[in-house]
Amino acid sequence: MSTKILAVNGGKRTVPEGMIKNWPPVDETDRELVMKSLMGGSHAFGPNCEAFQKEYAKWNGSKYTIFTNSGTAALHMGIYACGVGAGDHVLVPAYSWSSSATCILHHNAIPIFVDIDFATINIDTDKIEAAITPRTKAIVVVHLHGLSANMEKVLAVAKKHKLKVIEDACQGHGAEFRGRKTGNWGDCGAFSFNQNKCLCTGEGGMFVTNNEEMYKDALKLWSFGETSTPSEKRDYHAYALGWMYRGSDLVAAFGRAQLAKIDKYIDMQNENAAVLNKRLKGVKGLILPYEPERGMHNWYNYTSRIDMKAIGWDGDPQKMRNAVMKALNAEGVPVGVWQSFALPDMTVFKAKNAYGHGCPWSCNGAGDGVEYKIENYPMSIKHVDTHFGMTTPLRAPNRLDVAEKVADAFIKVFENIKEIVPE
Ligand SMILES: Cc1ncc(COP(=O)(O)O)c(C=O)c1O
């Protein structure tokens with residue numbers, strides 16, 4: 001048992017200042033492609049967008065790809081491509097990013113929440129069936145924090161009830177289920193390329209599908225309801241209700257350069273996570289992230305939970321979690337709370353204030369019996385109360401020396417947890 005003084009109490013910090021480097025690394029490939037785009041004179045949906053789509057399709061093993069300005073746009077396209085319409089019900093995990101569920105509202109459909117499985121933080125596949133109503137058309141399944149959901153179980157329920165499946169793979173780049181990459185298991189999928197994602201273009205996203213009809217429908221929603229892309233001959237006719245979700249050439253150029261390095265970066269994340277998993281196994285009070293099978297995780301976010309009982313804390317769990325985070329931050333580890341609200345606890349759902357006038361819930365009885373009560377999602381509550389996560393220390397260019405230091409800091413904090421005083 002170590003008795004080192006915690007940095008938060010005036011001791012020496014474990015991870016030296018400046019040791020953890022920012023994500024993503026930018027090198028000559030990035031500079032070359034971005035500068036070529038800049039000087040190329042085609043700044044809207046240009047040649048780099050076309051090339052990025054093709055290269056991403058090849059990398060992910062998906063037949064069709066559409067480059068978007070966000071992951072949320074790609075999710076919304078998936079909702080439409082799956083034939084979801086006003087008043088339909090769509091299942092979605094109760095703990096995720098807000099737009100895993102608001103993309104359903106974007107199409108005037110109704111999100112129905114399913115609690116998470118505490119171990120994986122993904123949708124509890126045993127609870128999906130109970131949430132199905134006669135209006136249910138689809139499931140948004142999220143590969144949260146880079147761990148693939150159990151797609152075999154999700155697809156079995158979907159098949160039984162004739163539901164479409166949209167994969168929210170916004171955090172799931174390169175994560176595999178049974179050796180097949182995310183985005184290829186459901187009817188379609190959505191990836192995000194925002195600052196923090198395993199492929200960073202600043203902002204951006206990709207819609208993926210292996211179904212030609214869905215691809216054609218998604219195209220309409222993507223670009224003004226039109227049926228052609230900007231690189232084809234356009235008639236500028238709105239055949240459907242469209243948005244403007246196209247990405248731009250400069251962003252795609254950055255994406256192409258990053259894509260060329262993504263496999264190397266994900267391997268590094270796996271190696272860094274392996275050090276943490278090995279060093280932190282058995283640390284009292286620490287619940288480590290869980291990977292049912294090797295390869296299912298891309299280690300986008302290394303999310304831990306605190307076992308309050310094991311550390312002898314019976315007060316407010318969030319107070320203790322926040323105090324532990326503060327202690328880790330003082331040691332130089334950039335941990336943070338990822339989402340401090342479960343989705344059914346967010347105002348847009350609780351107040352049912354999406355499109356105004358009570359729609360979609362009040363229109364044609366579509367929302368009769370639908371209620372958003374956070375107490376119905378106990379595993380999501382427990383996760384919200386006890387988790388903290390980190391991304392940067394696992395990312396390139398950070399290597400095993402960083403992982404070792406971060407592990408030292410975790411061990412120091414948990415071995416001296418009695419010295420932590422929650423405010
Ligand atoms: C699980 C999940 N879904 C959806 C999104 C939305 O992606 P974007 O910010 O690119 O719209 C994000 C990230 O922000 C996410 O983490």
# chains A, B, ... in the order shown; residues from 1 in each chain; ligands from 1
>>> residues_near_ligand(ligand="ligand 1", cutoff="6 Å", atoms="only C-alpha atoms and all ligand atoms", output="number ranges by chain")
A: 70-72, 96-97, 99-100, 144, 168, 170-171, 192-194, 204-205
>>> select_by_dssp(residues="range 176-302 of chain A", states="strand (DSSP E)", output="number ranges by chain")
A: 176-177, 180-181, 188-192, 205-209, 286-287, 302
>>> write_last_selection(atoms="N, CA and C atoms", output="compact mmCIF listing (two decimals), in the first residue's frame")
# COMPACT_ATOMS: atom_id res chain seq x y z
N GLU A 176 -14.86 -4.07 -34.55
CA GLU A 176 -15.43 -5.18 -35.31
C GLU A 176 -16.31 -6.06 -34.45
N PHE A 177 -17.32 -6.62 -35.07
CA PHE A 177 -18.10 -7.67 -34.43
C PHE A 177 -17.95 -8.91 -35.30
N ARG A 180 -16.19 -8.36 -38.59
CA ARG A 180 -16.74 -7.47 -39.61
C ARG A 180 -16.92 -6.08 -39.01
N LYS A 181 -16.49 -5.06 -39.75
CA LYS A 181 -16.49 -3.70 -39.19
C LYS A 181 -17.90 -3.17 -38.93
N CYS A 188 -27.93 0.36 -42.42
CA CYS A 188 -27.03 1.48 -42.77
C CYS A 188 -26.33 1.95 -41.49
N GLY A 189 -25.36 2.83 -41.65
CA GLY A 189 -24.61 3.30 -40.48
C GLY A 189 -24.13 4.73 -40.66
N ALA A 190 -23.73 5.32 -39.53
CA ALA A 190 -23.27 6.71 -39.54
C ALA A 190 -21.98 6.82 -38.74
N PHE A 191 -20.99 7.50 -39.32
CA PHE A 191 -19.72 7.78 -38.64
C PHE A 191 -19.56 9.28 -38.44
N SER A 192 -18.88 9.66 -37.37
CA SER A 192 -18.57 11.07 -37.14
C SER A 192 -17.06 11.26 -37.26
N GLY A 205 -18.72 13.69 -41.35
CA GLY A 205 -19.29 12.37 -41.11
C GLY A 205 -19.42 11.58 -42.39
N MET A 206 -19.83 10.32 -42.25
CA MET A 206 -20.01 9.46 -43.43
C MET A 206 -21.23 8.57 -43.20
N PHE A 207 -22.10 8.58 -44.19
CA PHE A 207 -23.22 7.63 -44.21
C PHE A 207 -22.74 6.41 -44.97
N VAL A 208 -23.01 5.21 -44.45
CA VAL A 208 -22.59 3.99 -45.15
C VAL A 208 -23.76 3.01 -45.25
N THR A 209 -23.81 2.30 -46.37
CA THR A 209 -24.82 1.24 -46.52
C THR A 209 -24.36 0.27 -47.59
N LEU A 286 -12.19 0.20 -8.73
CA LEU A 286 -12.16 0.66 -10.12
C LEU A 286 -12.79 -0.42 -11.02
N ILE A 287 -13.83 -0.01 -11.74
CA ILE A 287 -14.47 -0.93 -12.71
C ILE A 287 -13.94 -0.54 -14.08
N TYR A 302 -11.67 5.50 -23.05
CA TYR A 302 -11.38 4.53 -21.99
C TYR A 302 -12.22 4.94 -20.77
>>> closest_residue(among="A:Asn150, A:Asn398, A:Asn322, A:Ser42", to="Pro422 in chain A", atoms="only C-alpha atoms")
A:Asn322
>>> select_by_dssp(residues="range 237-342 of chain A", states="helix (DSSP H, G or I)", output="PyMOL selection string")
chain A and resi 249-259+262-280+317-330
>>> closest_atom_pairs(of="range 275-319 of chain A", to="range 371-389 of chain A", cutoff="9 Å", atoms="only C-alpha atoms", output="Markdown table")
| residue | atom | partner | partner_atom | distance |
| --- | --- | --- | --- | --- |
| A:Asn301 | CA | A:Gly389 | CA | 6.1 |
| A:Tyr302 | CA | A:Gly389 | CA | 5.4 |
| A:Thr303 | CA | A:Gly389 | CA | 4.0 |
| A:Ser304 | CA | A:His387 | CA | 5.6 |
| A:Arg305 | CA | A:His387 | CA | 4.2 |
| A:Ile306 | CA | A:Thr386 | CA | 5.4 |
| A:Asp307 | CA | A:Thr386 | CA | 7.7 |
| A:Met308 | CA | A:Thr386 | CA | 8.0 |
| A:Asp316 | CA | A:Asp385 | CA | 8.6 |
| A:Pro317 | CA | A:Asp385 | CA | 5.8 |
| A:Gln318 | CA | A:Asp385 | CA | 5.0 |
| A:Lys319 | CA | A:Asp385 | CA | 8.8 |
>>> closest_residue(among="A:Leu199, A:Ala158, A:Val8, A:Ala94", to="Lys264 in chain A", atoms="only C-alpha atoms")
A:Leu199
>>> closest_residue(among="A:Asn122, A:Asn22, A:Asn48, A:Ser231", to="Met151 in chain A", atoms="only C-alpha atoms")
A:Asn122
>>> closest_residue(among="A:Trp361, A:Trp243, A:Phe254, A:Tyr300", to="Thr29 in chain A", atoms="only C-alpha atoms")
A:Phe254
>>> atom_distance(atom1="CA of Leu241 in chain A", atom2="CA of Ala218 in chain A")
11.0 Å
>>> residues_around(residues="Glu17 in chain A", least_positions_apart="3", cutoff="9 Å", atoms="only C-alpha atoms", output="CSV table (one decimal) with C-alpha atoms, in the first residue's frame")
chain,number,residue,atom,x,y,z
A,13,ARG,CA,2.0,15.1,-9.9
A,20,ILE,CA,0.4,13.9,-23.1
A,332,GLY,CA,-2.0,15.1,-14.8
>>> closest_residue(among="A:Leu38, A:Leu219, A:Leu343, A:Ala240", to="Thr68 in chain A", atoms="only C-alpha atoms")
A:Leu219
>>> atom_distance(atom1="CA of Pro24 in chain A", atom2="CA of Ala327 in chain A")
26.2 Å
>>> residues_around(residues="range 83-85 of chain A", least_positions_apart="4", cutoff="9 Å", atoms="only C-alpha atoms", output="PyMOL selection string")
chain A and resi 78-79+89-90+104+107-109+137-138+164+214+217
>>> write_last_selection(atoms="N, CA and C atoms", output="PDB file, in the first residue's frame")
ATOM      1  N   GLY A  78     -29.934   8.132 -42.300  1.00  0.00           N
ATOM      2  CA  GLY A  78     -30.252   6.728 -42.034  1.00  0.00           C
ATOM      3  C   GLY A  78     -31.706   6.539 -41.616  1.00  0.00           C
ATOM      4  N   ILE A  79     -32.188   7.457 -40.786  1.00  0.00           N
ATOM      5  CA  ILE A  79     -33.584   7.383 -40.325  1.00  0.00           C
ATOM      6  C   ILE A  79     -34.520   7.452 -41.542  1.00  0.00           C
ATOM      7  N   HIS A  89     -42.242   4.943 -34.205  1.00  0.00           N
ATOM      8  CA  HIS A  89     -41.395   4.809 -33.018  1.00  0.00           C
ATOM      9  C   HIS A  89     -40.048   4.195 -33.417  1.00  0.00           C
ATOM     10  N   VAL A  90     -38.986   4.714 -32.828  1.00  0.00           N
ATOM     11  CA  VAL A  90     -37.641   4.180 -33.092  1.00  0.00           C
ATOM     12  C   VAL A  90     -36.947   3.953 -31.753  1.00  0.00           C
ATOM     13  N   ILE A 104     -33.932  11.107 -34.661  1.00  0.00           N
ATOM     14  CA  ILE A 104     -35.262  10.490 -34.844  1.00  0.00           C
ATOM     15  C   ILE A 104     -36.312  11.606 -34.876  1.00  0.00           C
ATOM     16  N   HIS A 107     -36.857  13.673 -37.999  1.00  0.00           N
ATOM     17  CA  HIS A 107     -37.807  13.170 -38.994  1.00  0.00           C
ATOM     18  C   HIS A 107     -39.214  13.040 -38.420  1.00  0.00           C
ATOM     19  N   ASN A 108     -39.443  13.781 -37.330  1.00  0.00           N
ATOM     20  CA  ASN A 108     -40.769  13.817 -36.704  1.00  0.00           C
ATOM     21  C   ASN A 108     -41.241  12.450 -36.214  1.00  0.00           C
ATOM     22  N   ALA A 109     -40.283  11.582 -35.920  1.00  0.00           N
ATOM     23  CA  ALA A 109     -40.612  10.275 -35.339  1.00  0.00           C
ATOM     24  C   ALA A 109     -40.292  10.326 -33.840  1.00  0.00           C
ATOM     25  N   LYS A 137     -40.566   1.043 -35.904  1.00  0.00           N
ATOM     26  CA  LYS A 137     -40.076   0.771 -37.267  1.00  0.00           C
ATOM     27  C   LYS A 137     -38.587   0.448 -37.307  1.00  0.00           C
ATOM     28  N   ALA A 138     -37.846   0.914 -36.331  1.00  0.00           N
ATOM     29  CA  ALA A 138     -36.387   0.781 -36.453  1.00  0.00           C
ATOM     30  C   ALA A 138     -35.708   0.844 -35.085  1.00  0.00           C
ATOM     31  N   LYS A 164     -35.950  -2.125 -39.048  1.00  0.00           N
ATOM     32  CA  LYS A 164     -34.697  -1.733 -39.686  1.00  0.00           C
ATOM     33  C   LYS A 164     -33.684  -1.388 -38.583  1.00  0.00           C
ATOM     34  N   MET A 214     -31.397   2.313 -50.308  1.00  0.00           N
ATOM     35  CA  MET A 214     -31.168   3.202 -49.155  1.00  0.00           C
ATOM     36  C   MET A 214     -30.164   4.300 -49.514  1.00  0.00           C
ATOM     37  N   ASP A 217     -32.027   6.945 -51.442  1.00  0.00           N
ATOM     38  CA  ASP A 217     -32.894   7.759 -50.563  1.00  0.00           C
ATOM     39  C   ASP A 217     -32.052   8.711 -49.712  1.00  0.00           C
TER      40      ASP A 217
END
>>> atom_distance(atom1="CA of Lys12 in chain A", atom2="CA of Val335 in chain A")
18.1 Å
>>> residues_around(residues="Leu221 in chain A", least_positions_apart="5", cutoff="9 Å", atoms="only C-alpha atoms", output="PyMOL selection string")
chain A and resi 76-77+80-81+226+240-245
>>> closest_residue(among="A:Glu423, A:Val406, A:Ala330, A:Ala274", to="Ile5 in chain A", atoms="only C-alpha atoms")
A:Ala330
